[in-house]
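Beneath this line is the structure, given in structure tokens, with notes to follow.
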Amino acid sequence: MAPPTVGDMQLSHGGEPSPTGAPVARWSVEQVLALAPDAASRKAGTRLGAAGPWSGTGSDATGAVWGLCKGSGSTPYRTVVDTAGPACACSCPSRKFPCKHALGLLLLRASDDGAFPPAEPADWAEEWLAGRRVRAAQKSGPAAGGDTARGTADPVAARKRAERRAERVTGGAQELEQRLADLLRGGLAATDRSGYGLWEETAARMVDAQAPGLAARVRELGAITGSGPGRPVRLLEECGLLHLLDTAWLGRDRLPDPLAATVRTRVGLPVSAEGPPLRDRWLVLAQYDTPDGKIVARRIWLYGRGSGRTALLLSFGAAGRSPAQALPVGATIDAELTPYPGGAQLRAELGEQFGATAAAGPPPGIAAAAAPAVYGNALRDDPWLDAWPVTLRDVIPVPSKDGWQLADAHADAHPDAQARSGSALPIAPAALSRPGLWKLVALSGGAPVTVFGEIGHRGFDPFAAWDPGEGEEGGGTTGGSVVQADLTV
């Protein structure tokens with residue numbers, strides 16, 4: 001029987017198996033559902049999460065699980081998942097990653113581990129797993145050719161290409177400065193008469209100048225036009241940030257290196273991860289997708305248990321397809337991360353993985369009143385930040401006049417009246433329509449919880465929460481069970 005090469009999917013960077021062969025943590029139902037590319041896949045995978053359609057299931061000590069799923073045809077679909085990667089393959093024709101059969105197989109294992117007796121992999125599963133081991137050996141061996149391939153590139157030609165692109169971006173930034181000056185000279189009210197076409201034409205000019213970051217910010221200006229009360233103020237604020245980015249690019253030679261790297265990234269120039277990799281035990285805090293033009297951007301937040309660092313993995317998927325990189329929320333992976341340049345240095349690239357362990361409680365948090373100052377400090381390194389990741393401790397979701405807010409559970413005991421008055425953070429409007437808000441309210445039940453999310457000028461957007469019985473950083477309930485709620489789904 002041939003291996004399931006159709007629909008072969010990688011769920012993480014490289015998707016290679018753990019070189020140590022360490023035991024892999026068993027995923028929960030919520031972690032599996034968080035991997036689904038869309039609601040339809042989540043629903044279809046749930047229907048296949050029972051033993052009925054499955055046969056020939058098994059697992060081994062390396063974290064591989066496999067099974068045959070009965071479909072509409074006479075031949076069952078062959079599905080195998082390497083949870084140590086994680087990565088999976090299925091013989092079905094689906095273009096979604098992971099497909100409903102892989103989700104169903106993982107959901108069955110999460111709810112009924114007894115359905116996967118320890119065994120040697122089936123021939124078709126072993127062939128796929130063996131191929132992954134070969135690729136892992138080639139990747140880590142001297143024959144991988146990474147350094148050789150980089151050495152064959154012509155550095156002179158690469159420098160000339162970079163200089164030509166920088167000249168084009170500079171021309172675009174100068175043109176954009178002139179257009180902003182004309183806009184302010186004519187008055188912001190004139191933008192209503194011009195409509196969205198003015199901004200789209202300007203954005204197209206920035207694309208021609210090879211500055212996609214500038215083009216994206218121009219399109220955001222167009223979205224403000226006709227957006228309701230407070231429009232002129234928001235438009236002026238965004239014009240100011242765009243002017244700041246323009247002038248920063250034009251004067252980048254006078255900027256400190258980290259800020260200059262941030263400006264290059266914001267303008268839209270490609271950058272690569274650099275510097276020594278950092279190995280740590282990384283807790284997967286959250287994973288969510290957002291539309292980014294014609295593509296989908298996936299953000300995965302990690303917290304390093306040893307380093308105390310928060311890191312962001314960013315990947316993209318083409319129109320109609322979810323990004324390939326995915327990690328189970330709530331798991332802790334032993335892996336290396338390489339940071340990208342820039343003032344904030346949040347973004348990183350996932351490198352070699354050495355296994356996964358069970359979750360051990362939330363990261364250490366701060367008081368709600370301290371969160372705005374943390375965001376303010378981050379703006380000094382990157383003035384164009386929309387939000388910054390923080391973990392809040394001992395907060396309670398409560399309704400407010402305009403929606404919901406996270407209130408400090410110990411605010412009444414604070415001797416400083418000003419601290420008491422600023423001890424509640426409004427929940428961002430984008431989060432009010434998500435089911436995760438009600439999951440957070442139910443998890444709290446009026447008691448303090450630890451919540452991870454992003455704080456920005458629109459409020460706090462919660463992504464993950466831990467129940468009131470969990471201690472911080474390695475703490476746990478007497479039963480040893482760690483409960484992390486994914487608020488993004």
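How things are named: the first chain in the structure tokens is A, the next is B, and so on; residues count from 1 in each chain; ligands count from 1 in the order shown.
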Check: Neighbours of A:Ala373 within 12 Å (only C-alpha atoms; same-chain residues fewer than 6 positions away dropped), as a ChimeraX atom specification?
Finding: /A:366-367,379-380,388,390,422,455-457
message: I need the strand (DSSP E or B) residues of stretch 311-444 of chain A per DSSP on the backbone, written as a PyMOL selection string.
response: chain A and resi 311-317+332-339+347-357+366+387-399+404-408+424-427
Okay, now the selection with C-alpha atoms, as a compact mmCIF listing (two decimals), in the first residue's frame?
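The resulting file, out_27.txt, is reproduced below:
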```txt
# COMPACT_ATOMS: atom_id res chain seq x y z
CA ALA A 311 8.24 35.57 20.95
CA LEU A 312 6.08 35.76 17.83
CA LEU A 313 6.12 33.26 14.97
CA LEU A 314 4.67 34.79 11.82
CA SER A 315 3.72 32.80 8.72
CA PHE A 316 1.53 33.36 5.67
CA GLY A 317 -0.82 31.37 3.50
CA THR A 332 5.38 23.37 25.78
CA ILE A 333 8.03 22.65 23.14
CA ASP A 334 11.77 22.36 23.63
CA ALA A 335 13.09 24.28 20.64
CA GLU A 336 15.46 26.93 19.28
CA LEU A 337 14.27 30.35 18.13
CA THR A 338 16.28 32.82 16.06
CA PRO A 339 15.20 36.48 16.44
CA ARG A 347 9.38 38.12 15.88
CA ALA A 348 11.48 34.98 15.66
CA GLU A 349 11.99 31.95 13.43
CA LEU A 350 11.36 28.47 14.77
CA GLY A 351 14.39 26.26 14.36
CA GLU A 352 15.25 22.78 15.57
CA GLN A 353 12.79 21.13 17.94
CA PHE A 354 13.82 18.64 20.60
CA GLY A 355 10.46 17.38 21.83
CA ALA A 356 7.43 18.54 23.78
CA THR A 357 6.33 18.35 27.40
CA ILE A 366 1.53 41.88 35.81
CA ALA A 387 -0.41 46.37 20.30
CA TRP A 388 2.02 44.64 22.65
CA PRO A 389 1.78 41.20 24.33
CA VAL A 390 1.23 41.11 28.09
CA THR A 391 0.00 38.61 30.65
CA LEU A 392 -2.37 39.99 33.30
CA ARG A 393 -2.66 38.32 36.68
CA ASP A 394 -5.66 38.29 39.03
CA VAL A 395 -8.15 40.01 36.74
CA ILE A 396 -11.92 39.53 36.55
CA PRO A 397 -14.00 40.09 33.39
CA VAL A 398 -16.86 42.45 34.26
CA PRO A 399 -19.40 44.29 32.11
CA TRP A 404 -16.52 44.52 28.95
CA GLN A 405 -13.36 45.18 30.89
CA LEU A 406 -10.76 43.28 32.90
CA ALA A 407 -10.69 44.59 36.46
CA ASP A 408 -7.91 44.07 38.98
CA ALA A 424 -9.42 48.13 34.80
CA LEU A 425 -8.64 47.65 31.11
CA PRO A 426 -11.36 47.82 28.45
CA ILE A 427 -11.59 44.74 26.26
```
Using DSSP secondary structure from the backbone, list all alpha helix (DSSP H) positions within stretch 118-332 of chain A, as a ChimeraX atom specification. /A:123-140,146-152,155-186,190-194,196-208,212-224,231-250,257-267
What does the structure give for the distance between atom CA of A:Leu176 and atom CA of A:Glu163, in Å to one decimal?
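Computing the Euclidean distance for atom CA of A:Leu176 and atom CA of A:Glu163 yields 19.8 Å.
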Can you build me a table of stretch 155-265 of chain A residues sitting at most 12 Å from stretch 272-278 of chain A, with the closest atom pair per residue and its distance in Å to one decimal, using only C-alpha atoms, sorted by chain and residue number, as a tab-separated table?
```
residue	atom	partner	partner_atom	distance
A:Ala261	CA	A:Ser272	CA	10.9
A:Arg264	CA	A:Ser272	CA	11.7
A:Thr265	CA	A:Ser272	CA	10.3
```
Resulting file, chosen residues, N, CA and C atoms, as an mmCIF file, in the first residue's frame:
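Contents of out31.cif, freshly written:
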```cif
data_model
loop_
_atom_site.group_PDB
_atom_site.id
_atom_site.type_symbol
_atom_site.label_atom_id
_atom_site.label_comp_id
_atom_site.auth_asym_id
_atom_site.auth_seq_id
_atom_site.Cartn_x
_atom_site.Cartn_y
_atom_site.Cartn_z
ATOM 1 N N ALA A 261 16.383 49.115 11.642
ATOM 2 C CA ALA A 261 15.885 47.807 11.225
ATOM 3 C C ALA A 261 14.361 47.752 11.318
ATOM 4 N N ARG A 264 12.931 49.623 8.302
ATOM 5 C CA ARG A 264 13.004 48.811 7.079
ATOM 6 C C ARG A 264 11.881 47.780 7.047
ATOM 7 N N THR A 265 11.611 47.190 8.195
ATOM 8 C CA THR A 265 10.538 46.196 8.259
ATOM 9 C C THR A 265 9.184 46.848 8.026
#
```
### Close residues, A:Val207 itself excluded, 10 Å, only C-alpha atoms, min 6 positions apart in chain, as a list in words
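Everything that qualifies: Val169, Gly172, Glu201, Gly213, Leu214, Ala215, Ala216 and Gly268 of chain A.
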- prompt: So how far away is atom CA of A:Arg305 from atom CA of A:Pro258, in Å?
  reply: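 Atom-to-atom, atom CA of A:Pro258 and atom CA of A:Arg305 are spaced 25.3 Å apart.
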Exercise. Which one is closest to A:Pro448: A:Arg434, A:Arg185, A:Arg132, A:His410? Count only C-alpha atoms.
Worked result: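 Going through A:Arg434, A:Arg185, A:Arg132, A:His410 one by one, the smallest distance to A:Pro448 is for A:His410.
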- Counting only C-alpha atoms, what is within 10 Å of A:Glu30, bar same-chain residues fewer than 3 positions away, as a ChimeraX atom specification? /A:27,33-35,107,110,328-330,484-486,489
Practice prompt. Determine the nearest neighbour of A:Ala260 from the options A:Asp381, A:Ala465, A:Gly58, A:Glu220, counting only C-alpha atoms.
Written response: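 Among the listed residues, the smallest separation from A:Ala260 belongs to A:Asp381.
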| query | Closest to A:Tyr77 among A:Arg458, A:Lys100, A:Arg109, A:Arg234, using only C-alpha atoms? | reply |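 Checking each of A:Arg458, A:Lys100, A:Arg109, A:Arg234 against A:Tyr77, counting only C-alpha atoms, the winner is A:Lys100.
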Practice problem: In Å, rounded to a single decimal, give me how far atom CA of A:Ala203 is from atom CA of A:Arg165. | Solution: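 Here the two named atoms are 17.1 Å from each other.
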Q) Can you list, as a VMD selection string, every protein, DNA or RNA residue that comes within 9 Å of A:Thr247 when you count only C-alpha atoms, leaving out same-chain residues fewer than 5 positions away? A) chain A and resid 173 to 174 177 242 252
Quick one: residues within 12 Å of A:Phe116, only C-alpha atoms counted, chain neighbours fewer than 6 positions away excluded, as a PyMOL selection string?
chain A and resi 51+54-61+63-67+105-110
Using only C-alpha atoms, determine which residues lie at most 12 Å from A:Leu432, disregarding the query and same-chain residues fewer than 5 positions distant; provide the list as a PDB file with C-alpha atoms, in the first residue's frame.
```pdb
ATOM      1  CA  PRO A 397     -13.998  40.089  33.392  1.00  0.00           C
ATOM      2  CA  PRO A 399     -19.401  44.293  32.107  1.00  0.00           C
ATOM      3  CA  SER A 400     -18.950  48.024  31.582  1.00  0.00           C
ATOM      4  CA  ASP A 402     -19.421  50.285  26.570  1.00  0.00           C
ATOM      5  CA  GLY A 403     -18.816  46.521  26.670  1.00  0.00           C
ATOM      6  CA  TRP A 404     -16.520  44.518  28.948  1.00  0.00           C
ATOM      7  CA  GLN A 405     -13.356  45.185  30.892  1.00  0.00           C
ATOM      8  CA  PRO A 426     -11.356  47.824  28.454  1.00  0.00           C
ATOM      9  CA  ILE A 427     -11.586  44.744  26.262  1.00  0.00           C
ATOM     10  CA  LEU A 437     -15.159  36.333  25.463  1.00  0.00           C
ATOM     11  CA  TRP A 438     -17.898  34.149  26.905  1.00  0.00           C
ATOM     12  CA  LYS A 439     -15.417  31.339  27.404  1.00  0.00           C
ATOM     13  CA  LEU A 440     -13.346  33.762  29.478  1.00  0.00           C
ATOM     14  CA  VAL A 441     -16.370  34.828  31.507  1.00  0.00           C
ATOM     15  CA  GLY A 459      -7.968  48.170  24.544  1.00  0.00           C
ATOM     16  CA  PHE A 460      -6.935  44.658  25.584  1.00  0.00           C
ATOM     17  CA  ASP A 461      -7.517  41.707  23.249  1.00  0.00           C
ATOM     18  CA  PRO A 462      -7.515  38.415  25.240  1.00  0.00           C
ATOM     19  CA  LEU A 487      -9.923  32.392  23.527  1.00  0.00           C
ATOM     20  CA  THR A 488      -9.233  32.775  19.797  1.00  0.00           C
TER      21      THR A 488
END
```
